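**Student:** To start, I am sharing the structure in question, which I have written as structure tokens.
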Amino acid sequence: MPRKILVTNALPYANGDIHLGHLVGYIQADIWVRYQRMRGHTVHYVCADDTHGTPVMLRAEKEGISPEQLIARVHGEHLRDFTAFGVAFDNYHSTHSAENRFYAEDIYGKLDAGGLIDTRAIEQYYDPVKEMFLPDRFIKGECPKCGAADQYGDNCEACGAAYTPTELKNPYSAVSGATPVLKTSEHYFFRLSDGRAVDFLRDWTRGSNAAGERRLQAEAANKMKEWLGEAGENKLSDWDISRDAPYFGFEIPGAPGKYFYVWLDAPIGYLASFRNLAAKRAAAGETIALEDYTDAARAQAAGTEMVHFIGKDILYFHALFWPAMLKFAGYATPSQLCVNGFLTVDGAKMSKSRGTFITAHSYIAQQLNPEWLRYYFAGKSNGTMEDVDLNLDDLIAKVNADLVGKFVNIASRCAGFIGKRFDAQLGEVDTVACAPFADAWTAGTIAAAFDERDYSRALREIMRLADVANQYVNDHKPWELAKQEGQEPRLHTVCSTALTMFRDLARYLKPVLPALATEVEAFLAIAPMDWQGGWAPLPAGHPIQTYRHLMTRVERKQIDALLEANRESLAPAAVAPAKATNSPHDSQAASSQQRHAEKQQHAAQAAETPLEHISIDDFTKIELRIARIVDARHVDGADKLIRLALDIGETDDAGKPKPRQVFAGIKSAYDPASLVGRLTVMVANLAPRKMKFGISEGMVLAASDAESKAGGIYLLSPDTGAAPGMKVK
């Protein structure tokens, strides 16, 4: 059945440049949107700038312009960068808009009428010089845990500790440098701790949508379970949704001097941008049934979907506050959250001082092909919350090997013969040779991978087919056939067959490489490729255009120039206020527990002390093997453990599989049922350990950050083709 989907991306904050870290989520979403449209589904793809809050107000003041002037300029810059990387929104709007004000006031009014808005006095830091209350990120001082200087009011970048601003030692305002004072003010709260909200969220975060898909990825659902607690528990705090003047934003109706906190009206920007799109389409004579997507009852009847692509650092807001706001205001709740990880560069957090904090505009200014990055990010994206690592040498190798060496190479080796020998018309196609391509199309495995946002799996299969095509060309050697008398018909067939294979590969790659696919369509003189209907070869007699080279190789000197450009323009900020104004959002929370939750995925984590080097002999003492999880169960009486039965290729005397028993502390991150059948890696020669619950005969490997504060636990998985018992070397 045709789907009707509203797709959104997280709103970038109007206080800084788009950088490559931002682009991970936008490219993932754009690929999925393009794929869905190629399948014939209706997709509305919208986004907007997130424009409100203290940082925008202060930056505008510093530049001597109004906030409206600042956000208008940044809006143009952001849209320029997204467009350059092929992220094709149907509408790119702003939260500082009439549509956003309408929805913010409507949702707030309905929550208030439902008894879910409360007021109470709170005490917070106030800058006596600037005469303003200070968000946490605008208060600095010495970390109360490790004593590091110049730390923010909510999180220490030296030791990773989370705390309240009042716990800082020797605090000062990052705006004026003055010593802040505590002052009481009345604030407005959304009663997230209300039993109605808790019950709804417990069900919503663990449930599935109308299509039977989980609303949240397993990792995200487990994080929500941790925050929400078990049935009967209530671990949520009420959410402070107001800020005091001076503040750039919308004033709360009936509350002079009080403004909606930026995080209340930011996700509302999805609806505002969609409403603005509907108005534009209506002016052009096209109707979008807006309320079929926004109204709860109508959306259910119409079968529409609302899918959000977000980063894991804003999961808390999108999986708790946002669906609860919508639910109790009568709006449709999201069908699915697609949560992506952070971008690391060469295995480490992006850093200005390392020259790896790369802006999108600098990439384009250096005349690098944006589709190189789209392909590389797609190859690193598997539909989970795992971080994406940008290894620049790996990018060079991957693009040159896959796109230039394998894909484009097929056309470059065959198209010239068609043009020179056969009047640019194709001949008969060897359908037997094309069978792997027809089979892949019928099986739909690549389509399924795209639908599940596992682009890494899709690209592996596409490149496998590229190998088939190149092997066909290598085996039949058209360059030699062209020299042999009487081989013209065979030459014609070989080149026509190769170009049909090339067409198929281009169709599969089109969601990832839309600009390149458009060039292929022009070269082959075919209609825009979609993913509908059955497989068929390019017909005999079909004319093609003159081949022109479709993609150049990446040169290391281009990457070096990009890094150098960013080292010069993005040196580390030395002045505390300047660094503070680069904060993505200002944040004040009602409790230290909630503050920690809101900052749970903060990119700045504690720097781990490097371990001493080991020799290769030390490493070879560890026997790592591929293991298949054949059974997984909860352990009665254990808070953290799951009992695993692992097949590593061992058998008993009768030749039957003899799985090992391992107790793994991964209960907070995984449902046992989801683990059965999965491949992982285990330490096979670890001495058995007697535990309260039985003997543990090894250890499975998983990744986590320092103290598992931000990224959770991630079980390692081998690549496709690995089998139980294989040694990891």
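Quick note on naming: the chains in the structure tokens go A, B, ... in the order shown, residues restart at 1 in each chain, and ligands are numbered from 1 in order of appearance.
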Could you list, as a PDB file with N, CA and C atoms, in the first residue's frame, every residue within 12 Å of Met551 of chain A, counting only C-alpha atoms and ignoring same-chain residues fewer than 6 positions away?

**Tutor:**
ATOM      1  N   LEU A 368      35.424  19.941  -3.067  1.00  0.00           N
ATOM      2  CA  LEU A 368      35.320  18.497  -2.898  1.00  0.00           C
ATOM      3  C   LEU A 368      33.914  18.056  -3.277  1.00  0.00           C
ATOM      4  N   ASN A 369      33.805  16.889  -3.862  1.00  0.00           N
ATOM      5  CA  ASN A 369      32.509  16.375  -4.303  1.00  0.00           C
ATOM      6  C   ASN A 369      31.681  15.975  -3.077  1.00  0.00           C
ATOM      7  N   PRO A 370      30.516  16.605  -2.865  1.00  0.00           N
ATOM      8  CA  PRO A 370      29.714  16.248  -1.685  1.00  0.00           C
ATOM      9  C   PRO A 370      29.224  14.799  -1.702  1.00  0.00           C
ATOM     10  N   GLU A 371      29.136  14.204  -2.890  1.00  0.00           N
ATOM     11  CA  GLU A 371      28.653  12.825  -2.947  1.00  0.00           C
ATOM     12  C   GLU A 371      29.717  11.833  -2.494  1.00  0.00           C
ATOM     13  N   TRP A 372      30.966  12.250  -2.422  1.00  0.00           N
ATOM     14  CA  TRP A 372      31.968  11.400  -1.765  1.00  0.00           C
ATOM     15  C   TRP A 372      31.573  11.185  -0.305  1.00  0.00           C
ATOM     16  N   VAL A 399      36.115   5.680  -1.567  1.00  0.00           N
ATOM     17  CA  VAL A 399      35.546   6.340  -2.742  1.00  0.00           C
ATOM     18  C   VAL A 399      36.303   5.927  -3.997  1.00  0.00           C
ATOM     19  N   ASN A 400      37.616   5.940  -3.929  1.00  0.00           N
ATOM     20  CA  ASN A 400      38.406   5.607  -5.116  1.00  0.00           C
ATOM     21  C   ASN A 400      38.213   4.156  -5.539  1.00  0.00           C
ATOM     22  N   ALA A 401      38.124   3.256  -4.552  1.00  0.00           N
ATOM     23  CA  ALA A 401      37.977   1.837  -4.882  1.00  0.00           C
ATOM     24  C   ALA A 401      36.566   1.522  -5.360  1.00  0.00           C
ATOM     25  N   ASP A 402      35.558   1.982  -4.621  1.00  0.00           N
ATOM     26  CA  ASP A 402      34.176   1.596  -4.922  1.00  0.00           C
ATOM     27  C   ASP A 402      33.568   2.396  -6.070  1.00  0.00           C
ATOM     28  N   LEU A 403      33.571   3.715  -5.922  1.00  0.00           N
ATOM     29  CA  LEU A 403      32.840   4.541  -6.890  1.00  0.00           C
ATOM     30  C   LEU A 403      33.609   4.734  -8.184  1.00  0.00           C
ATOM     31  N   VAL A 404      34.917   4.959  -8.097  1.00  0.00           N
ATOM     32  CA  VAL A 404      35.708   5.169  -9.311  1.00  0.00           C
ATOM     33  C   VAL A 404      36.200   3.836  -9.868  1.00  0.00           C
ATOM     34  N   GLY A 405      36.824   3.029  -9.010  1.00  0.00           N
ATOM     35  CA  GLY A 405      37.422   1.784  -9.495  1.00  0.00           C
ATOM     36  C   GLY A 405      36.430   0.717  -9.896  1.00  0.00           C
ATOM     37  N   LYS A 406      35.298   0.637  -9.185  1.00  0.00           N
ATOM     38  CA  LYS A 406      34.317  -0.414  -9.474  1.00  0.00           C
ATOM     39  C   LYS A 406      33.126   0.073 -10.297  1.00  0.00           C
ATOM     40  N   PHE A 407      32.477   1.156  -9.836  1.00  0.00           N
ATOM     41  CA  PHE A 407      31.219   1.566 -10.446  1.00  0.00           C
ATOM     42  C   PHE A 407      31.427   2.321 -11.757  1.00  0.00           C
ATOM     43  N   VAL A 408      32.026   3.494 -11.698  1.00  0.00           N
ATOM     44  CA  VAL A 408      32.196   4.319 -12.888  1.00  0.00           C
ATOM     45  C   VAL A 408      33.052   3.597 -13.925  1.00  0.00           C
ATOM     46  N   ASN A 409      33.942   2.786 -13.472  1.00  0.00           N
ATOM     47  CA  ASN A 409      34.856   2.070 -14.362  1.00  0.00           C
ATOM     48  C   ASN A 409      34.124   1.198 -15.370  1.00  0.00           C
ATOM     49  N   ALA A 411      31.245   1.747 -16.961  1.00  0.00           N
ATOM     50  CA  ALA A 411      30.807   2.540 -18.114  1.00  0.00           C
ATOM     51  C   ALA A 411      31.992   3.054 -18.917  1.00  0.00           C
ATOM     52  N   SER A 412      33.047   3.478 -18.228  1.00  0.00           N
ATOM     53  CA  SER A 412      34.174   4.069 -18.943  1.00  0.00           C
ATOM     54  C   SER A 412      34.878   3.048 -19.842  1.00  0.00           C
ATOM     55  N   LEU A 513      23.507   8.715  -4.142  1.00  0.00           N
ATOM     56  CA  LEU A 513      24.231   9.578  -5.078  1.00  0.00           C
ATOM     57  C   LEU A 513      23.267  10.168  -6.105  1.00  0.00           C
ATOM     58  N   ALA A 515      22.930  13.140  -7.559  1.00  0.00           N
ATOM     59  CA  ALA A 515      23.487  13.941  -8.650  1.00  0.00           C
ATOM     60  C   ALA A 515      24.160  13.043  -9.676  1.00  0.00           C
ATOM     61  N   LEU A 516      24.931  12.064  -9.217  1.00  0.00           N
ATOM     62  CA  LEU A 516      25.585  11.135 -10.127  1.00  0.00           C
ATOM     63  C   LEU A 516      24.550  10.312 -10.893  1.00  0.00           C
ATOM     64  N   ALA A 517      23.480   9.902 -10.215  1.00  0.00           N
ATOM     65  CA  ALA A 517      22.426   9.126 -10.874  1.00  0.00           C
ATOM     66  C   ALA A 517      21.757   9.938 -11.984  1.00  0.00           C
ATOM     67  N   GLU A 519      23.211  12.191 -13.802  1.00  0.00           N
ATOM     68  CA  GLU A 519      24.146  12.182 -14.925  1.00  0.00           C
ATOM     69  C   GLU A 519      24.091  10.852 -15.664  1.00  0.00           C
ATOM     70  N   VAL A 520      23.924   9.753 -14.927  1.00  0.00           N
ATOM     71  CA  VAL A 520      23.817   8.441 -15.561  1.00  0.00           C
ATOM     72  C   VAL A 520      22.551   8.368 -16.406  1.00  0.00           C
TER      73      VAL A 520
END

**Student:** Would you list the contacts of segment 647-659 of chain A as a PyMOL selection string, taking every protein, DNA or RNA residue within 12 Å and counting only C-alpha atoms, but skipping same-chain residues closer than 4 positions in sequence?

**Tutor:** chain A and resi 623-632+676-685+696-698+700+722-728

**Student:** With 10 Å as the cut-off and only C-alpha atoms counted, what is the closest atom pair between each nearby residue of segment 35-131 of chain A and segment 523-547 of chain A? Distances in Å to one decimal, ordered by chain and number, as a tab-separated table.

**Tutor:**
residue	atom	partner	partner_atom	distance
A:Tyr35	CA	A:Trp531	CA	8.0
A:Gln36	CA	A:Trp531	CA	9.0
A:Arg37	CA	A:Asp530	CA	8.1
A:Met38	CA	A:Asp530	CA	4.5
A:Arg39	CA	A:Trp531	CA	5.1
A:Gly40	CA	A:Gln532	CA	7.3

**Student:** For the selection you just gave me, I'd like the residues written to a file as an mmCIF file, in the first residue's frame, keeping N, CA and C atoms.

**Tutor:**
data_model
loop_
_atom_site.group_PDB
_atom_site.id
_atom_site.type_symbol
_atom_site.label_atom_id
_atom_site.label_comp_id
_atom_site.auth_asym_id
_atom_site.auth_seq_id
_atom_site.Cartn_x
_atom_site.Cartn_y
_atom_site.Cartn_z
ATOM 1 N N TYR A 35 14.677 7.112 -1.243
ATOM 2 C CA TYR A 35 14.319 5.709 -1.465
ATOM 3 C C TYR A 35 12.805 5.520 -1.419
ATOM 4 N N GLN A 36 12.148 6.087 -0.396
ATOM 5 C CA GLN A 36 10.698 5.928 -0.272
ATOM 6 C C GLN A 36 9.974 6.501 -1.484
ATOM 7 N N ARG A 37 10.433 7.620 -1.987
ATOM 8 C CA ARG A 37 9.799 8.213 -3.171
ATOM 9 C C ARG A 37 10.020 7.347 -4.405
ATOM 10 N N MET A 38 11.198 6.725 -4.523
ATOM 11 C CA MET A 38 11.436 5.830 -5.652
ATOM 12 C C MET A 38 10.528 4.617 -5.600
ATOM 13 N N ARG A 39 10.052 4.268 -4.393
ATOM 14 C CA ARG A 39 9.097 3.168 -4.259
ATOM 15 C C ARG A 39 7.664 3.597 -4.538
ATOM 16 N N GLY A 40 7.440 4.888 -4.783
ATOM 17 C CA GLY A 40 6.111 5.371 -5.130
ATOM 18 C C GLY A 40 5.320 5.924 -3.962
#

**Student:** Can you pull out the residues contacting segment 189-201 of chain A? Cut-off 8 Å, using only C-alpha atoms, and skip same-chain residues under 5 positions away; I want them as a ChimeraX atom specification.

**Tutor:** /A:111,116-120,228,234-242,320-321,323-324

**Student:** Set the distance at 9 Å and use only C-alpha atoms: which residues neighbour Cys143 of chain A once local chain neighbours fewer than 2 positions away are removed? I'd like the list as an NGL selection string.

**Tutor:** :A and (140-141 or 145-153 or 155-156 or 158-159 or 161 or 163 or 167-169)

**Student:** Please, which residues in segment 152-261 of chain A fall within 7 Å of segment 121-137 of chain A when counting only C-alpha atoms, and what is the closest atom pair and distance in Å to one decimal for each, ordered by chain then residue number, as a Markdown table?

**Tutor:**
| residue | atom | partner | partner_atom | distance |
| --- | --- | --- | --- | --- |
| A:Tyr152 | CA | A:Arg137 | CA | 5.4 |
| A:Gly153 | CA | A:Asp136 | CA | 4.7 |
| A:Asp154 | CA | A:Asp136 | CA | 5.7 |
| A:Pro165 | CA | A:Asp136 | CA | 6.2 |
| A:Ser173 | CA | A:Asp127 | CA | 6.4 |
| A:Ser176 | CA | A:Lys130 | CA | 6.7 |
| A:Ala178 | CA | A:Val129 | CA | 6.7 |
| A:Pro180 | CA | A:Asp127 | CA | 4.9 |
| A:Val181 | CA | A:Tyr126 | CA | 5.2 |
| A:Leu182 | CA | A:Tyr125 | CA | 4.6 |
| A:Lys183 | CA | A:Glu123 | CA | 5.4 |
| A:Thr184 | CA | A:Glu123 | CA | 4.3 |
| A:Ser185 | CA | A:Ala121 | CA | 5.3 |
| A:Glu186 | CA | A:Ala121 | CA | 4.1 |
| A:His187 | CA | A:Ala121 | CA | 6.0 |
| A:Asp244 | CA | A:Phe133 | CA | 6.9 |
| A:Pro246 | CA | A:Met132 | CA | 6.4 |

**Student:** How would you write, as number ranges by chain, the set of residues in segment 169-384 of chain A that DSSP gives as helix (DSSP H, G or I)?

**Tutor:** A: 195-206, 218-228, 262-283, 291-294, 296-302, 312-327, 360-365, 370-379

**Student:** With distances taken over only C-alpha atoms, which of A:Gln471, A:Gln28, A:Ser94, A:Thr287 is nearest to Pro12 of chain A?

**Tutor:**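 Nearest to Pro12 of chain A: A:Ser94.
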
**Student:** Please, what distance in Å, to one decimal, runs between atom CA of Cys47 of chain A and atom CA of Asn15 of chain A?

**Tutor:**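 Taking atom CA of Cys47 of chain A and atom CA of Asn15 of chain A, their separation equals 16.2 Å.
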
**Student:** Smallest atom-to-atom distance to Thr83 of chain A: which of A:Gln217, A:His361, A:Ile252, A:Thr51, using only C-alpha atoms?

**Tutor:**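 With only C-alpha atoms as the atom set, the closest residue is A:His361.
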
**Student:** For a quick check of understanding, using only C-alpha atoms, which of A:Val635, A:Ala645, A:Met385, A:Ala673 has the smallest distance to Leu216 of chain A?

**Tutor:**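 Of all the options, A:Met385 lies closest to Leu216 of chain A.
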
**Student:** Could you tell me which of A:Leu701, A:Ile65, A:Val662, A:Val56 comes closest to Ala687 of chain A if we count only C-alpha atoms?

**Tutor:**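 Residue with the minimum atom-to-atom distance to Ala687 of chain A: A:Val662.
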
**Student:** If you measure from atom CA of Asp636 of chain A to atom CA of Glu226 of chain A, what distance in Å do you get, rounded to one decimal?

**Tutor:**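 Between these atoms lies a distance of 18.6 Å.
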
**Student:** Please list as a ChimeraX atom specification every residue within 9 Å of segment 264-281 of chain A, counting only C-alpha atoms and excluding residues in the same chain fewer than 3 positions away.

**Tutor:** /A:6-11,44-52,90-104,241-242,249-250,260-261,284-290,294,317-318,321-322,325

**Student:** Write down as a list in words the residues of segment 295-359 of chain A whose backbone DSSP state falls under strand (DSSP E).

**Tutor:**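 Of segment 295-359 of chain A, only Thr304, Glu305, Met306, Val307, His308, Phe309, Ile310, Gly311, Gln336, Leu337, Cys338, Val339, Asn340, Leu343, Thr344, Val345, Ala348 and Lys349 of chain A fall in strand (DSSP E).
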